[in-house]
Amino acid sequence: MSNAQRAACPSESMPLAERPTRFRWVVLAIVAFGYFLASADRANLSVALPYLKSDFGLSNAEAGAAASVFLFGIAVIQIPGSLLIQRLRVRAVMVLAIMLTSAATVFTGMVSSGTQLLAARLLLGVAEGPIPVGSLTTLNRWFPPRERATAVGIYVASFKFAPTLVPPIAAFIIIWLGWREVFYFFGIVGLLAGGLWMFVADSPDQSKKVNQAELLHIDQEAVKADSGERSSWDYRPVLDFLIRARRCAKLQSNLEALRSMHIWGCALAYCLMSGLSYAILTWVPTYLVEVKKYNLMTVGYVAAAPWLGAVFGSIIGGLLSDRVFGGRRKPVMLITAGSSIATMYALVSAPNSPAMLAILLLATGFLLTVGYSTFTIFPMGVVKKEVVPFAVSIVSTVGSIGGGTAPVIVGYILDHSGWSMAFGFLSSCSILAFILVASIIEPLSDDAPAHDVP
C-alpha cells in the first residue's frame, strides 16, 4: 500500500502513538539554501559594481543594466519553465537549473568587457529562471495551507539573508584577492545546493523520509483549509470587508489563470515592489560610497542592514499571515506597500551617521518584506494545485520584469537628476502597488465563511 493510500486510511496504517516526522522542514532548509545562493549570485555583483564600473568604464545606467539584465533572462524562461515543471519532475529541473546557475556565476568572473558582463548576467538569469517556480511549487506540495506562509516566509528570508551575509564576505574577498574571485567562490559553493536537491522528492507521498502521521497532517490540514475551517474571522467582518474577502472556486486550468484579473493585479503589484527591492539591492552600496563617502568595510556592513531587517520581516510576515490573519494574504501585502511609501521618502533625508542610517535601512528592509513573500503565495489560493506552477510563474515573471527595469530607471535618474528624485520614484511605485493590492480580492474556498463584498 502506498503512502497516499495509507494516509487515506489512517486507522489501518498509523499507530495511535506514532508521531509525525518533520521532514518537510528539512525540505524547506534545502529549498531555502538553494534560494540563498541564488540571491548571493545577485548580491555579490552589487558589492563588486563600483570596481566593474571603473574597470570597464560603465555609466550609472550601464551599471544598472548589468546588475538587472539577468532578471529579463529569468522573465523569459519562467513561464516555459513552469510548463516544464508541470510535465517533468521538479527535482530534475531544479538540479539542472542550479548547476547551470553556478556555471554562469563562474563565467561572470571571467568577463573582460561591459558587453561580456551583460551576456554573463543574462545567461545567469536564464539558468536561474526555473528556481523560484520550482521552489514555490515544492513548498506548495510539502506544506499545508496553514503553514505555507510561514514556510514561504522562511524561504524568502533566506533570499534576503544573502545580502546581509554576502557584502562583508565579498568585500573581504575583493580586498585580499580581487572582484573576479568573488564570482568564482560563489559559483563553486552553488554546486553544493544542486547536490542537496537530489534528496528532495517531488511530493511528500513519494518520500521514504515521511511517515504516515506527517503525511496525514499535511493532507488533513489541506482538507481543513478547503472545507472552510477559517471561521475565526467571522467576528471580524470589518477587516474581511476591507480586504474584499470572497468565497471563490479555484481556477482549474492554465488558461483560466492567465485570464484572472486578480492574478494579474497581484503580479503588477509584485512587479512594482520587486523593482523597489532590486533597486535598493543594486544601488545602496553605490549610494554609501558616492554620497555618504563610507569606506568599503563600512559599506559592507551598512549595506547589509536592510537585508537583516528583511530576514525578520519575511519570517514575521509569514507568521502574521498564517496565525494572526488566519491564512489571509492581503493584510501583510498592504502593510508592505503602504509602509514603503514612507520609508522611501525618509531615505531622501537619510542621516550621515552610519549607525543611524543602518537603523533606517533596517526598518526599511523589515517593512518591505513583511508582506513580500505573500505576493507569490497569493496565486496558490486562486488556482488548484496542478495549476500552481503556471500561476506562480505569471506573478514571478512580471516581478522579474519589474526587478530588472527599476535599477536601470534609477540609474538613468541618477545620471540626469539625483538621489532624491530616485527615492521619490521608488515611493511612487509603492503608492501604485498599494492601489493594485487593494483592488484584488482575498480568495477563500467555496465553503469558507466570509463577508461578501459587492
# chains A, B, ... in the order shown; residues from 1 in each chain; ligands from 1
$ closest_atom_pairs --of "range 317-408 of chain A" --to "range 256-278 of chain A" --cutoff "6 Å" --atoms "only C-alpha atoms" --output "tab-separated table"
residue	atom	partner	partner_atom	distance
A:Ala391	CA	A:Ala257	CA	6.0
A:Val395	CA	A:Ala267	CA	4.2
A:Val398	CA	A:Cys271	CA	5.5
A:Gly399	CA	A:Cys271	CA	3.8
A:Gly402	CA	A:Cys271	CA	4.4
A:Gly403	CA	A:Gly275	CA	3.9
A:Ala406	CA	A:Gly275	CA	4.8
$ write_last_selection --atoms "N, CA and C atoms" --output "short mmCIF file (atom, residue, chain, number, x, y, z; two decimals), in the first residue's frame"
data_model
loop_
_atom_site.label_atom_id
_atom_site.label_comp_id
_atom_site.auth_asym_id
_atom_site.auth_seq_id
_atom_site.Cartn_x
_atom_site.Cartn_y
_atom_site.Cartn_z
N ALA A 391 0.53 29.57 -12.45
CA ALA A 391 0.04 30.80 -11.83
C ALA A 391 1.16 31.55 -11.12
N VAL A 395 3.10 35.59 -11.81
CA VAL A 395 3.45 36.60 -10.82
C VAL A 395 4.97 36.80 -10.77
N VAL A 398 6.37 38.62 -14.04
CA VAL A 398 6.11 40.06 -14.04
C VAL A 398 6.95 40.75 -12.97
N GLY A 399 7.13 40.07 -11.84
CA GLY A 399 8.00 40.62 -10.79
C GLY A 399 9.44 40.75 -11.27
N GLY A 402 9.84 43.82 -13.36
CA GLY A 402 9.97 45.00 -12.51
C GLY A 402 11.33 45.09 -11.86
N GLY A 403 11.82 43.94 -11.37
CA GLY A 403 13.13 43.93 -10.75
C GLY A 403 14.24 44.25 -11.72
N ALA A 406 13.57 48.49 -12.81
CA ALA A 406 13.72 49.56 -11.83
C ALA A 406 15.18 50.01 -11.62
#
$ select_by_dssp --residues "range 236-438 of chain A" --states "helix (DSSP H, G or I)" --output "ChimeraX atom specification"
/A:237-242,254-259,261-290,296-302,305-324,330-348,354-369,374-381,385-416,419-438
$ residues_around --residues "Thr376 in chain A" --least-positions-apart "4" --cutoff "8 Å" --atoms "only C-alpha atoms" --output "list in words"
Tyr372, Met380, Val392, Val395 and Ser396 of chain A
$ closest_residue --among "A:Leu118, A:Val370, A:Leu436, A:Val133" --to "Gly73 in chain A" --atoms "only C-alpha atoms"
A:Leu118
$ residues_around --residues "range 26-30 of chain A" --least-positions-apart "2" --cutoff "7 Å" --atoms "only C-alpha atoms" --output "PyMOL selection string"
chain A and resi 23-24+32-34+151+196-197+200
$ write_last_selection --atoms "N, CA and C atoms" --output "tab-separated table (two decimals), in the first residue's frame"
chain	number	residue	atom	x	y	z
A	23	PHE	N	9.98	15.93	8.20
A	23	PHE	CA	10.91	16.03	7.07
A	23	PHE	C	10.58	17.21	6.16
A	24	ARG	N	9.35	17.70	6.21
A	24	ARG	CA	9.00	18.86	5.37
A	24	ARG	C	9.88	20.06	5.73
A	32	ALA	N	15.49	26.53	0.87
A	32	ALA	CA	15.95	27.86	1.30
A	32	ALA	C	17.43	28.06	1.01
A	33	PHE	N	18.24	27.01	1.19
A	33	PHE	CA	19.67	27.13	0.92
A	33	PHE	C	19.91	27.40	-0.56
A	34	GLY	N	19.19	26.71	-1.42
A	34	GLY	CA	19.32	26.95	-2.85
A	34	GLY	C	18.95	28.37	-3.23
A	151	ALA	N	6.31	28.91	5.89
A	151	ALA	CA	7.37	28.25	5.13
A	151	ALA	C	7.93	29.16	4.05
A	196	LEU	N	22.29	18.79	-2.92
A	196	LEU	CA	21.30	18.61	-1.86
A	196	LEU	C	19.90	18.39	-2.42
A	197	TRP	N	19.61	18.99	-3.55
A	197	TRP	CA	18.28	18.83	-4.14
A	197	TRP	C	18.00	17.40	-4.58
A	200	VAL	N	15.37	15.72	-2.38
A	200	VAL	CA	14.02	16.29	-2.28
A	200	VAL	C	13.09	15.57	-3.25
$ select_by_dssp --residues "range 225-375 of chain A" --states "strand (DSSP E or B)" --output "list in words"
Ala245, Arg246, Arg247 and Leu251 of chain A
$ atom_distance --atom1 "CA of Ala342 in chain A" --atom2 "CA of Ser439 in chain A"
20.8 Å
$ closest_residue --among "A:Ile409, A:Ala149, A:Met198, A:Met110" --to "Tyr184 in chain A" --atoms "only C-alpha atoms"
A:Met110
$ closest_residue --among "A:Leu296, A:Ala363, A:Leu426, A:Leu444" --to "Phe172 in chain A" --atoms "only C-alpha atoms"
A:Leu296
$ residues_around --residues "Pro407 in chain A" --least-positions-apart "5" --cutoff "7 Å" --atoms "only C-alpha atoms" --output "MDAnalysis selection string"
chainID A and resid 64 68 278:279 282
$ write_last_selection --atoms "N, CA and C atoms" --output "CSV table (one decimal), in the first residue's frame"
chain,number,residue,atom,x,y,z
A,64,GLY,N,23.5,49.8,-13.9
A,64,GLY,CA,22.2,49.4,-13.5
A,64,GLY,C,21.7,48.3,-14.5
A,68,SER,N,20.9,44.3,-13.5
A,68,SER,CA,19.5,43.8,-13.5
A,68,SER,C,19.1,43.0,-14.8
A,278,TYR,N,14.9,45.4,-5.8
A,278,TYR,CA,16.1,45.2,-6.5
A,278,TYR,C,16.9,46.6,-6.7
A,279,ALA,N,16.1,47.6,-6.8
A,279,ALA,CA,16.8,49.0,-6.9
A,279,ALA,C,17.6,49.2,-5.6
A,282,THR,N,20.7,46.9,-5.6
A,282,THR,CA,21.7,47.3,-6.6
A,282,THR,C,22.4,48.6,-6.2
$ closest_residue --among "A:Gly194, A:Pro331, A:Pro80, A:Pro130" --to "Gly371 in chain A" --atoms "only C-alpha atoms"
A:Pro331
$ closest_atom_pairs --of "range 124-153 of chain A" --to "range 89-94 of chain A" --cutoff "12 Å" --atoms "only C-alpha atoms" --output "tab-separated table"
residue	atom	partner	partner_atom	distance
A:Ala127	CA	A:Met94	CA	10.1
A:Glu128	CA	A:Met94	CA	9.1
A:Gly129	CA	A:Met94	CA	9.9
A:Pro130	CA	A:Met94	CA	6.9
A:Ile131	CA	A:Met94	CA	6.1
A:Pro132	CA	A:Met94	CA	9.4
A:Val133	CA	A:Val90	CA	9.5
A:Gly134	CA	A:Val90	CA	6.1
A:Ser135	CA	A:Met94	CA	8.0
A:Leu136	CA	A:Val90	CA	10.5
A:Thr137	CA	A:Val90	CA	8.1
A:Thr138	CA	A:Val90	CA	7.5
A:Leu139	CA	A:Val90	CA	11.3
A:Arg141	CA	A:Val90	CA	10.9
$ residues_around --residues "Phe186 in chain A" --least-positions-apart "3" --cutoff "8 Å" --atoms "only C-alpha atoms" --output "list of chain:residue names"
A:Leu37, A:Ala40, A:Asp41, A:Ser102, A:Thr105, A:Val106, A:Val182, A:Phe183, A:Val189, A:Gly190
$ closest_atom_pairs --of "range 349-409 of chain A" --to "range 298-314 of chain A" --cutoff "7 Å" --atoms "only C-alpha atoms" --output "tab-separated table"
residue	atom	partner	partner_atom	distance
A:Pro354	CA	A:Val302	CA	6.7
A:Ala358	CA	A:Val302	CA	5.3
A:Leu361	CA	A:Pro306	CA	4.6
A:Leu362	CA	A:Pro306	CA	4.3
A:Ala363	CA	A:Gly309	CA	6.2
A:Thr364	CA	A:Pro306	CA	6.0
A:Gly365	CA	A:Pro306	CA	4.1
A:Phe366	CA	A:Gly309	CA	4.2
A:Leu367	CA	A:Gly313	CA	6.4
A:Thr369	CA	A:Gly313	CA	5.1
A:Val370	CA	A:Gly313	CA	4.5
A:Ser373	CA	A:Ser314	CA	6.7
$ atom_distance --atom1 "CA of Leu334 in chain A" --atom2 "CA of Phe72 in chain A"
26.5 Å
$ atom_distance --atom1 "CA of Leu368 in chain A" --atom2 "CA of Ser430 in chain A"
9.8 Å
$ closest_residue --among "A:Gly338, A:Gly411, A:Gly404, A:Pro351" --to "Leu71 in chain A" --atoms "only C-alpha atoms"
A:Gly404
